[in-house]
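> Can you read through this structure? Questions will come right after.
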Amino acid sequence: MKTTLPVMSAPRWGRSTAAVNQDRGAADSTSLCQPDRMAEYAHLGESLGTDFFSVREQFTEEQWERFATTRKFVDSEVLPGVGDLWERAELPWELIRRLPELGIVGEDIRGHGAAGMSPMACGLVHMELHRGDGSLGTFLGVHAGLAMQSIAMCGSEEQRGRWLPSMSTLDKVGAFALTEPDHGSDSVALETSARRVGDHWVLEGRKRWIGNATIADLVVVWARDTDSGEVKGFVVETPTDGFEATAISGKLSLRSIQQADITLTGVRVPEENRLVNARTFDDCARVLANTRAICAWMALGHATAGYDAALRYAKERTQFGKPLASFQIVQQRLVHMLADLTGMQLYCMQIGRLADAGRLSPTVAGLAKMNNTRAARRILSEARDLLGGNGILLEHHVARHWADIEAVHTFEGTETIQTLIVGRDVTGIGAFS
């Protein structure tokens, strides 16, 4: 059963974080929570354009245009109200509806109204969206990077023509259902079944941690053919009998996007909705290889937000009669954060080049994902600490990223799994089956 989330009213979205909190925090007694204090630091989330090794000079005109458009959108439209949305765990519908207008829905898919970006431009767009809000970026990653890509890579031309145009305009929202309650890292062992009955397939099973599932119109479900034993892909159009999606509550990361538990009880899917080129789990893995690289860019976005906020705060916050940035230990910590951040940028630039050349391997993408999410966690932990008590306030734009990076660190393969995949590649010995 699909749940429709509330739509935010237009006037509220345009208000600054300081204004929102002035309304509900006027009686607060501590100076930390006074409107003038929040206004003083309300700009912390805005980009500083940190680029110590001048990687920006290597962007093509197409890449720069996508990057600059998304950066402007994030600074002017996403940041002013995102903390309030995160706290209320409310999906930013008004921002989601803007994504097609920006021309960034559809990754590198060509035709059918999709964005048709270069892989490098895709990465830059996801980096910037996550610099603003991990939930907004994850929504697009699930919809376009997983659901649309599954149809583009594994569907027939007729199937691409049937679904991709409406997904490119977000008239239809997509989800991707692979993970199960008992199969996360070992998703190859999935138990959801697909049984052929005449000109239909009957799906039975459960899925978990499925982003967008409560609002999706199209859900790409991966299930095991009971006859061949092979994993195949099916597009389930919702609502439909036997399909139920229930939002997972109590999340402390990516709060503004819903992940769901799905139950499939005798769900009938017509043969025409079976993705014709999704014949084995390897076909599903081809889709995941693309998103693993995007995770490295997502982590870079979160880390950039944390570093920029910490640097700006350290230069503006005065303690003991001088700016925090004047203390040697603060400078040391900022430089170590910058070293990590610059390394992440170089990782992303190289995987972007390799992807543009059609040479990005799953293990290289996995190493980049592992490195960047690990480095982002270090940067965001330091940023939260450098902001002191202010570091835990949503108004200062660090706590959200500090929490949200935990989800990015986990999905599309944990650090442990990526380590073992790369380890198998470099040693020739598999440490898991």
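Labeling convention for the structure tokens: chains A, B, ... as they appear, residues from 1 per chain, ligands from 1 in order of appearance.
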Quick check for you: according to DSSP on this backbone, which residues of stretch 145-393 of chain A are classed as strand (DSSP E)? Reply as a PyMOL selection string.

chain A and resi 174-177+193-197+200-211+218-225+231-237+243-247+259-270+318-319+322-323

> Residues within 9 Å of A:Leu311, please, as JSON, numbers by chain. Count only C-alpha atoms; anything in the same chain fewer than 6 positions from it doesn't count.

{"A": [325, 334, 383]}

> Could you name the residues that touch A:Ala293 at 12 Å or less, counting only C-alpha atoms, but leaving out those on the same chain fewer than 3 positions away, as number ranges by chain?

A: 119-120, 122-124, 126-127, 141, 145, 286-290, 296-300, 347-355, 360-373, 408, 412-413, 418

> Which residues are near A:Ile248? Cut-off 12 Å, only C-alpha atoms, ignore same chain within fewer than 2 positions. Put them as a ChimeraX atom specification.

/A:89,207-214,245-246,250-262

> Counting only C-alpha atoms, figure out which residue out of A:Gly266, A:Asp404, A:Met153, A:Asp356 gets nearest to A:Met117.

A:Asp356

> Apply DSSP to the backbone of this structure and, from stretch 106-192 of chain A, keep only the residues in alpha helix (DSSP H); write these as a PyMOL selection string.

chain A and resi 119-132+134-140+149-154+157-168

> Can you tell me, as a ChimeraX atom specification, what residues are no more than 12 Å from A:Ile405 when counting only C-alpha atoms, ignoring any on the same chain fewer than 2 positions away?

/A:130-131,133-135,137-138,252-255,295-306,369,372-381,398-403,407-411

> Would you list the contacts of stretch 103-113 of chain A as a PyMOL selection string, taking every protein, DNA or RNA residue within 7 Å and counting only C-alpha atoms, but skipping same-chain residues closer than 6 positions in sequence?

chain A and resi 119+122+144-145+148+152+161+164-165+168

> Taking only C-alpha atoms into account, which of A:Ser249, A:Thr70, A:Ser150, A:Gln159 comes nearest A:Leu129?

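For A:Leu129, the nearest of the candidates is A:Thr70.
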